[in-house]
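A.B. asks: For reference, this is coords_18.tsv, and it has TSV, C-alpha atoms and all ligand atoms.
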```
chain	number	residue	atom	x	y	z
M	1	MET	CA	5.03	12.15	-7.20
M	2	ARG	CA	3.02	14.65	-9.22
M	3	THR	CA	0.61	16.74	-7.10
M	4	LEU	CA	-3.10	16.64	-7.92
M	5	PRO	CA	-4.40	20.19	-7.36
M	6	GLN	CA	-8.02	19.10	-7.76
M	7	TYR	CA	-7.59	17.14	-4.48
M	8	TYR	CA	-4.80	18.87	-2.48
M	9	ALA	CA	-2.23	21.68	-2.78
M	10	ASP	CA	0.95	20.29	-1.21
M	11	ALA	CA	2.46	17.37	0.75
M	12	GLU	CA	0.66	18.31	3.95
M	13	GLY	CA	-2.62	18.69	2.03
M	14	LYS	CA	-2.11	15.22	0.53
M	15	ARG	CA	-1.65	13.72	4.00
M	16	ARG	CA	-4.84	15.42	5.26
M	17	PHE	CA	-6.81	14.47	2.12
M	18	THR	CA	-5.88	10.75	2.18
M	19	ARG	CA	-6.50	10.47	5.93
M	20	ARG	CA	-9.97	12.02	5.54
M	21	VAL	CA	-11.08	9.89	2.57
M	22	PHE	CA	-9.78	6.63	4.06
M	23	ASP	CA	-11.28	7.41	7.48
M	24	SER	CA	-14.69	8.20	6.01
M	25	SER	CA	-14.88	5.29	3.56
M	26	ALA	CA	-13.19	2.67	5.79
M	27	SER	CA	-16.36	0.67	6.46
M	28	ASP	CA	-16.75	0.09	2.68
M	29	TYR	CA	-13.12	-0.80	1.89
M	30	ASP	CA	-13.14	-4.59	2.34
M	31	ARG	CA	-16.50	-5.05	0.61
M	32	VAL	CA	-15.50	-3.04	-2.48
M	33	ASP	CA	-12.11	-4.79	-2.58
M	34	ARG	CA	-13.79	-8.22	-2.38
M	35	LEU	CA	-16.40	-7.46	-5.05
M	36	PHE	CA	-14.51	-5.44	-7.63
M	37	ALA	CA	-10.75	-5.43	-7.07
M	38	PHE	CA	-10.01	-7.99	-9.78
M	39	GLY	CA	-7.00	-9.95	-8.59
M	40	THR	CA	-5.58	-7.97	-5.69
M	41	GLY	CA	-7.40	-10.34	-3.32
M	42	SER	CA	-6.04	-12.43	-0.46
M	43	ARG	CA	-4.44	-15.16	-2.60
M	44	TYR	CA	-2.51	-12.63	-4.69
M	45	ARG	CA	-1.32	-10.77	-1.59
M	46	ARG	CA	-0.12	-14.03	0.05
M	47	GLN	CA	1.70	-15.23	-3.08
M	48	ALA	CA	3.37	-11.82	-3.45
M	49	LEU	CA	4.58	-11.97	0.18
M	50	LEU	CA	6.06	-15.42	-0.46
M	51	ARG	CA	7.73	-14.21	-3.68
M	52	GLY	CA	9.15	-11.33	-1.64
M	53	GLY	CA	10.84	-13.76	0.76
M	54	LEU	CA	8.39	-13.88	3.67
M	55	ALA	CA	8.86	-17.05	5.73
M	56	PRO	CA	7.73	-18.54	9.05
M	57	GLY	CA	9.21	-16.95	12.16
M	58	LEU	CA	9.93	-13.49	10.69
M	59	ARG	CA	9.05	-10.18	12.37
M	60	VAL	CA	7.02	-8.12	9.87
M	61	LEU	CA	6.04	-4.47	9.65
M	62	ASP	CA	3.08	-3.85	7.33
M	63	VAL	CA	3.04	-0.13	6.53
M	64	ALA	CA	-0.34	1.33	5.40
M	65	VAL	CA	-1.98	-1.69	7.02
M	66	GLY	CA	-5.46	-0.23	6.42
M	67	THR	CA	-8.08	-2.84	7.32
M	68	GLY	CA	-5.39	-5.54	7.40
M	69	LEU	CA	-5.67	-7.26	4.01
M	70	VAL	CA	-1.89	-7.68	3.57
M	71	ALA	CA	-1.29	-8.21	7.30
M	72	ARG	CA	-3.82	-11.07	7.42
M	73	GLU	CA	-1.84	-12.98	4.79
M	74	ALA	CA	1.47	-12.12	6.48
M	75	LEU	CA	0.15	-13.58	9.76
M	76	ARG	CA	-0.72	-16.82	7.95
M	77	VAL	CA	2.79	-17.08	6.51
M	78	VAL	CA	4.87	-16.19	9.60
M	79	GLY	CA	2.86	-18.44	11.91
M	80	GLU	CA	3.07	-18.62	15.70
M	81	SER	CA	6.83	-18.15	15.78
M	82	GLY	CA	6.68	-14.85	13.87
M	83	SER	CA	4.89	-11.55	14.44
M	84	VAL	CA	3.18	-8.81	12.42
M	85	VAL	CA	2.82	-5.14	13.32
M	86	GLY	CA	0.63	-2.83	11.22
M	87	VAL	CA	0.94	0.95	11.03
M	88	ASP	CA	-1.39	3.47	9.35
M	89	PRO	CA	-2.39	7.12	9.84
M	90	SER	CA	-6.10	6.28	9.42
M	91	ALA	CA	-7.68	5.24	12.71
M	92	GLY	CA	-10.89	4.54	10.76
M	93	MET	CA	-9.22	1.95	8.50
M	94	MET	CA	-7.49	0.21	11.42
M	95	ALA	CA	-10.74	0.14	13.40
M	96	GLN	CA	-12.16	-2.20	10.72
M	97	SER	CA	-9.44	-4.75	11.40
M	98	SER	CA	-10.11	-7.50	13.93
M	99	LEU	CA	-7.18	-9.83	13.26
M	100	ARG	CA	-6.01	-11.97	16.17
M	101	GLY	CA	-2.31	-11.51	16.77
M	102	LEU	CA	-1.95	-8.28	14.77
M	103	ALA	CA	-0.43	-5.37	16.73
M	104	LEU	CA	-1.49	-1.94	15.43
M	105	ALA	CA	0.10	1.48	15.72
M	106	ARG	CA	-0.98	4.86	14.42
M	107	GLY	CA	1.69	6.53	12.30
M	108	CYS	CA	2.91	7.53	8.85
M	109	ALA	CA	5.39	5.90	6.48
M	110	GLU	CA	7.41	9.15	6.58
M	111	ALA	CA	8.07	8.90	10.36
M	112	LEU	CA	7.63	5.34	11.59
M	113	PRO	CA	7.17	5.01	15.37
M	114	PHE	CA	9.69	2.17	15.70
M	115	ALA	CA	13.34	1.79	16.72
M	116	ASP	CA	16.13	1.22	14.17
M	117	GLN	CA	16.57	-2.36	12.88
M	118	SER	CA	13.35	-3.69	14.46
M	119	PHE	CA	12.01	-5.83	11.57
M	120	ASP	CA	13.02	-8.68	9.21
M	121	PHE	CA	10.44	-7.85	6.53
M	122	LEU	CA	8.55	-4.69	5.54
M	123	SER	CA	5.50	-4.66	3.26
M	124	LEU	CA	3.55	-1.75	1.80
M	125	GLY	CA	0.33	-2.63	-0.06
M	126	TYR	CA	-1.30	-0.18	-2.49
M	127	ALA	CA	-0.20	2.98	-0.71
M	128	LEU	CA	2.91	4.09	-2.63
M	129	ARG	CA	0.88	6.59	-4.66
M	130	HIS	CA	-0.60	8.10	-1.49
M	131	LEU	CA	2.85	9.12	-0.22
M	132	ALA	CA	4.31	12.54	-0.95
M	133	ASP	CA	8.09	12.03	-0.71
M	134	LEU	CA	9.46	8.59	-1.60
M	135	GLU	CA	13.07	9.44	-0.66
M	136	ILE	CA	12.06	10.16	2.94
M	137	VAL	CA	9.84	7.06	3.08
M	138	PHE	CA	12.44	4.62	1.69
M	139	ARG	CA	15.12	5.94	4.07
M	140	GLU	CA	12.64	5.31	6.91
M	141	PHE	CA	11.98	1.77	5.63
M	142	ARG	CA	15.74	1.11	5.53
M	143	ARG	CA	16.13	2.47	9.08
M	144	VAL	CA	13.60	0.10	10.69
M	145	LEU	CA	14.76	-3.01	8.76
M	146	LYS	CA	17.60	-5.18	10.02
M	147	PRO	CA	20.55	-5.57	7.60
M	148	GLY	CA	19.48	-8.21	5.06
M	149	GLY	CA	15.79	-7.53	5.84
M	150	ARG	CA	13.41	-7.76	2.90
M	151	LEU	CA	11.25	-5.03	1.37
M	152	LEU	CA	8.08	-5.68	-0.67
M	153	LEU	CA	5.97	-2.94	-2.23
M	154	LEU	CA	2.71	-3.73	-4.05
M	155	GLU	CA	1.10	-1.14	-6.31
M	156	ILE	CA	-1.15	-0.75	-9.32
M	157	THR	CA	0.87	0.68	-12.22
M	158	ARG	CA	-0.45	2.50	-15.27
M	159	PRO	CA	-0.19	0.04	-18.21
M	160	GLU	CA	2.33	1.02	-20.90
M	161	GLY	CA	0.05	0.34	-23.89
M	162	ARG	CA	-2.43	3.10	-24.83
M	163	VAL	CA	-5.36	0.71	-25.24
M	164	ALA	CA	-4.73	-1.11	-21.96
M	165	ALA	CA	-4.35	2.24	-20.16
M	166	ALA	CA	-7.64	3.47	-21.64
M	167	VAL	CA	-9.46	0.27	-20.59
M	168	LEU	CA	-8.12	0.47	-17.03
M	169	LYS	CA	-8.94	4.18	-16.82
M	170	THR	CA	-12.51	3.53	-17.96
M	171	TYR	CA	-12.90	0.80	-15.35
M	172	LEU	CA	-11.25	2.57	-12.43
M	173	ARG	CA	-12.44	6.14	-13.08
M	174	GLY	CA	-15.91	5.39	-14.46
M	175	VAL	CA	-17.19	1.88	-13.73
M	176	LEU	CA	-15.66	1.25	-10.27
M	177	PRO	CA	-16.96	4.51	-8.66
M	178	ALA	CA	-20.44	3.74	-10.08
M	179	LEU	CA	-20.34	0.16	-8.71
M	180	ALA	CA	-18.99	1.44	-5.39
M	181	ARG	CA	-21.95	3.85	-5.18
M	182	LEU	CA	-24.32	0.84	-5.32
M	183	VAL	CA	-22.76	-0.96	-2.33
M	184	ALA	CA	-21.23	1.90	-0.30
M	185	ARG	CA	-22.46	3.16	3.06
M	186	SER	CA	-20.33	6.31	2.97
M	187	LYS	CA	-21.04	9.07	0.45
M	188	ASP	CA	-17.24	9.58	0.16
M	189	THR	CA	-16.49	6.05	-1.14
M	190	PRO	CA	-17.20	6.66	-4.87
M	191	GLY	CA	-14.88	9.71	-4.71
M	192	LEU	CA	-12.10	7.61	-3.19
M	193	TYR	CA	-12.28	5.20	-6.13
M	194	ARG	CA	-12.28	8.05	-8.65
M	195	TYR	CA	-9.14	9.37	-6.94
M	196	TYR	CA	-7.57	5.91	-7.40
M	197	TRP	CA	-7.04	6.32	-11.14
M	198	ASP	CA	-5.85	9.90	-10.80
M	199	SER	CA	-3.31	8.83	-8.16
M	200	ILE	CA	-2.15	5.90	-10.34
M	201	GLU	CA	-1.51	8.31	-13.24
M	202	ALA	CA	0.33	10.72	-10.94
M	203	CYS	CA	2.52	8.01	-9.37
M	204	ALA	CA	6.26	8.07	-10.06
M	205	PRO	CA	7.26	5.64	-12.87
M	206	PRO	CA	8.84	2.25	-11.93
M	207	GLY	CA	12.37	3.32	-12.95
M	208	ARG	CA	12.29	6.30	-10.60
M	209	ILE	CA	10.81	4.22	-7.77
M	210	MET	CA	13.59	1.60	-8.15
M	211	ALA	CA	16.29	4.29	-8.20
M	212	SER	CA	14.87	5.83	-5.00
M	213	ILE	CA	14.80	2.43	-3.27
M	214	ALA	CA	18.46	1.81	-4.21
M	215	ALA	CA	19.48	5.34	-3.12
M	216	ALA	CA	17.98	4.69	0.32
M	217	GLY	CA	20.41	1.79	0.94
M	218	PHE	CA	18.76	-1.29	-0.57
M	219	THR	CA	20.41	-3.86	-2.84
M	220	GLY	CA	19.02	-6.31	-5.42
M	221	VAL	CA	16.15	-3.96	-6.31
M	222	ALA	CA	13.76	-5.78	-8.66
M	223	HIS	CA	10.45	-4.88	-10.27
M	224	HIS	CA	7.95	-7.39	-11.60
M	225	VAL	CA	4.65	-6.47	-13.28
M	226	GLY	CA	1.83	-8.99	-13.56
M	227	LEU	CA	-0.81	-8.56	-16.27
M	228	GLY	CA	0.74	-5.18	-17.09
M	229	ILE	CA	-0.65	-3.52	-13.94
M	230	PHE	CA	0.17	-5.40	-10.70
M	231	SER	CA	3.61	-4.14	-9.68
M	232	GLU	CA	5.81	-5.81	-7.09
M	233	TYR	CA	9.04	-4.08	-6.00
M	234	ARG	CA	11.46	-6.28	-4.04
M	235	ALA	CA	14.77	-5.40	-2.40
M	236	SER	CA	17.07	-6.27	0.52
M	237	ALA	CA	18.35	-3.86	3.15
M	238	ALA	CA	22.12	-3.50	2.66
M	301	LIG	C1	-5.60	1.38	-0.52
M	301	LIG	S1	-5.34	1.27	1.22
M	301	LIG	C2	-4.37	-0.21	1.30
M	301	LIG	C3	-4.58	-0.98	2.58
M	301	LIG	C4	-3.90	-2.35	2.62
M	301	LIG	N1	-2.45	-2.23	2.59
M	301	LIG	C5	-4.41	-3.26	1.52
M	301	LIG	O1	-3.58	-3.87	0.82
M	301	LIG	O2	-5.61	-3.38	1.37
M	301	LIG	C6	-4.14	2.56	1.42
M	301	LIG	C7	-3.77	2.81	2.89
M	301	LIG	O3	-2.66	3.71	2.91
M	301	LIG	C8	-2.79	4.49	4.06
M	301	LIG	N2	-1.92	5.67	3.96
M	301	LIG	C9	-2.16	6.84	3.32
M	301	LIG	N3	-1.14	7.69	3.51
M	301	LIG	C10	-0.22	7.04	4.28
M	301	LIG	C11	1.05	7.40	4.84
M	301	LIG	N4	1.57	8.61	4.64
M	301	LIG	N5	1.70	6.48	5.57
M	301	LIG	C12	1.18	5.25	5.79
M	301	LIG	N6	-0.02	4.86	5.31
M	301	LIG	C13	-0.72	5.74	4.56
M	301	LIG	C14	-4.29	4.82	4.10
M	301	LIG	O4	-4.70	5.30	5.36
M	301	LIG	C15	-4.89	3.47	3.71
M	301	LIG	O5	-5.18	2.70	4.84
```
Please express the file's structure as structure tokens.
C.D. replies:
Amino acid sequence: MRTLPQYYADAEGKRRFTRRVFDSSASDYDRVDRLFAFGTGSRYRRQALLRGGLAPGLRVLDVAVGTGLVAREALRVVGESGSVVGVDPSAGMMAQSSLRGLALARGCAEALPFADQSFDFLSLGYALRHLADLEIVFREFRRVLKPGGRLLLLEITRPEGRVAAAVLKTYLRGVLPALARLVARSKDTPGLYRYYWDSIEACAPPGRIMASIAAAGFTGVAHHVGLGIFSEYRASAA
């Protein structure tokens, strides 16, 4: 991951920065997502979980659970016989979640507060670019998954075409922060959405992400991009 000196200086600074902006704009997150997040809504998240192999009865860990938008869909899929645990460093984001049956824990992807081989399925929704060291994170994901457990990462990827990239940049860096300002309660929310594009541009490219997943002990690593921007990374714990 490339560092963004206009926001933070190093890995520790990135952790502090993301925790602060998500804590302070948490009460706006679901509303902005619902109004303006073109396609990353509940139906897309549920379909992506199913494509990733989620099934009734599985024990799921949703890392970067935030307000619970991925976890809510996971709960619907696993049903009464399964379970979903969410983990996130932002107490503010998790405080917005009121999902029945969702267990929450405070913690970071880099040091998950769970025993080895605790889960059948691990999801991470739209947080890859907020992490500083993917090698550490993917080794941690492998550690908490049972052998054969499934991994699903969702992320927005910079489009390859110059025109598409320019259109997305204009929307995410210009239009979305302005729209967010109209509906936000927190003064930090527009800044969070401006940071979104910068973090998408600074994110490691798909090839490097796939290589890091494989190096951490996963097999069958696959990457699918919908509409040129919605990335899904899938793999199985070896
Ligand atoms: C854009 S939100 C995504 C929330 C949810 N997964 C969704 O799909 O809506 C990103 C989340 O990543 C969390 N996050 C940031 N750094 C993290 C880290 N090091 N480990 C785990 N989660 C982190 C933030 O606190 C925030 O809740």
A.B. asks: Please extract the residues at most 7 Å from ligand LIG 301 (chain M), counting all atoms listed in the file, and provide them as a ChimeraX atom specification, using the chain letters and residue numbers of this document.
C.D. replies: /M:15,18-19,22,63-70,87-90,93,107-110,124-127,130-131
A.B. asks: Neighbours of Glu155 in chain M within 10 Å (all atoms listed in the file; same-chain residues fewer than 3 positions away dropped), as a PDB file with C-alpha atoms, keeping the file's coordinate frame?
C.D. replies:
```pdb
ATOM      1  CA  THR M  40      -5.580  -7.970  -5.690  1.00  0.00           C
ATOM      2  CA  LEU M 124       3.550  -1.750   1.800  1.00  0.00           C
ATOM      3  CA  GLY M 125       0.330  -2.630  -0.060  1.00  0.00           C
ATOM      4  CA  TYR M 126      -1.300  -0.180  -2.490  1.00  0.00           C
ATOM      5  CA  ALA M 127      -0.200   2.980  -0.710  1.00  0.00           C
ATOM      6  CA  LEU M 128       2.910   4.090  -2.630  1.00  0.00           C
ATOM      7  CA  ARG M 129       0.880   6.590  -4.660  1.00  0.00           C
ATOM      8  CA  ARG M 158      -0.450   2.500 -15.270  1.00  0.00           C
ATOM      9  CA  ILE M 200      -2.150   5.900 -10.340  1.00  0.00           C
ATOM     10  CA  CYS M 203       2.520   8.010  -9.370  1.00  0.00           C
ATOM     11  CA  VAL M 225       4.650  -6.470 -13.280  1.00  0.00           C
ATOM     12  CA  ILE M 229      -0.650  -3.520 -13.940  1.00  0.00           C
ATOM     13  CA  PHE M 230       0.170  -5.400 -10.700  1.00  0.00           C
ATOM     14  CA  SER M 231       3.610  -4.140  -9.680  1.00  0.00           C
ATOM     15  CA  GLU M 232       5.810  -5.810  -7.090  1.00  0.00           C
ATOM     16  CA  TYR M 233       9.040  -4.080  -6.000  1.00  0.00           C
TER      17      TYR M 233
END
```
A.B. asks: Rounded to one decimal, what separation in Å do you get between CA of Glu201 in chain M and CA of Asp62 in chain M?
C.D. replies: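 Those two atoms sit 24.3 Å apart.
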A.B. asks: Go through M:Tyr8, M:Phe141, M:Phe36, M:Trp197 one by one, measure the shortest atom-to-atom distance of each to Val60 in chain M using all atoms listed in the file, and give the residue with the smallest value.
C.D. replies: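 Looking only at the distances to Val60 in chain M, the closest residue turns out to be M:Phe141.
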A.B. asks: Name the residues in contact with Glu80 in chain M at a cut-off of 10 Å, using all atoms listed in the file, excluding same-chain residues fewer than 6 positions from it; report them as a compact mmCIF listing (two decimals) with C-alpha atoms, in the coordinates of the input.
C.D. replies:
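Output below, filename part27.txt:
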```txt
# COMPACT_ATOMS: atom_id res chain seq x y z
CA PRO M 56 7.73 -18.54 9.05
CA GLY M 57 9.21 -16.95 12.16
CA LEU M 58 9.93 -13.49 10.69
CA GLY M 101 -2.31 -11.51 16.77
```
A.B. asks: Could you give me, as a PyMOL selection string, the residues within 12 Å of Arg208 in chain M, counting all atoms listed in the file and dropping anything in the same chain fewer than 3 positions from it?
C.D. replies: chain M and resi 1+134-135+203-205+211-215+221+223+233
A.B. asks: Find the distance between CA of Ala26 in chain M and CA of Phe138 in chain M and write it in Å to one decimal.
C.D. replies: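 Separation of CA of Ala26 in chain M and CA of Phe138 in chain M: 26.0 Å.
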A.B. asks: With distances taken over all atoms listed in the file, which of M:Leu172, M:Leu54, M:Leu61, M:Val163 is nearest to Val85 in chain M?
C.D. replies: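 Result for the nearest residue to Val85 in chain M: M:Leu61.
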A.B. asks: Could you check which of M:Leu227, M:Arg2, M:Ala74, M:Ala55 is closest to Pro159 in chain M, using all atoms listed in the file?
C.D. replies: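 That would be M:Leu227, the residue with the smallest distance to Pro159 in chain M.
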A.B. asks: Just how far from CA of Val78 in chain M is CA of Arg46 in chain M, in Å to one decimal?
C.D. replies: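 According to the coordinates, CA of Arg46 in chain M and CA of Val78 in chain M are separated by 11.0 Å.
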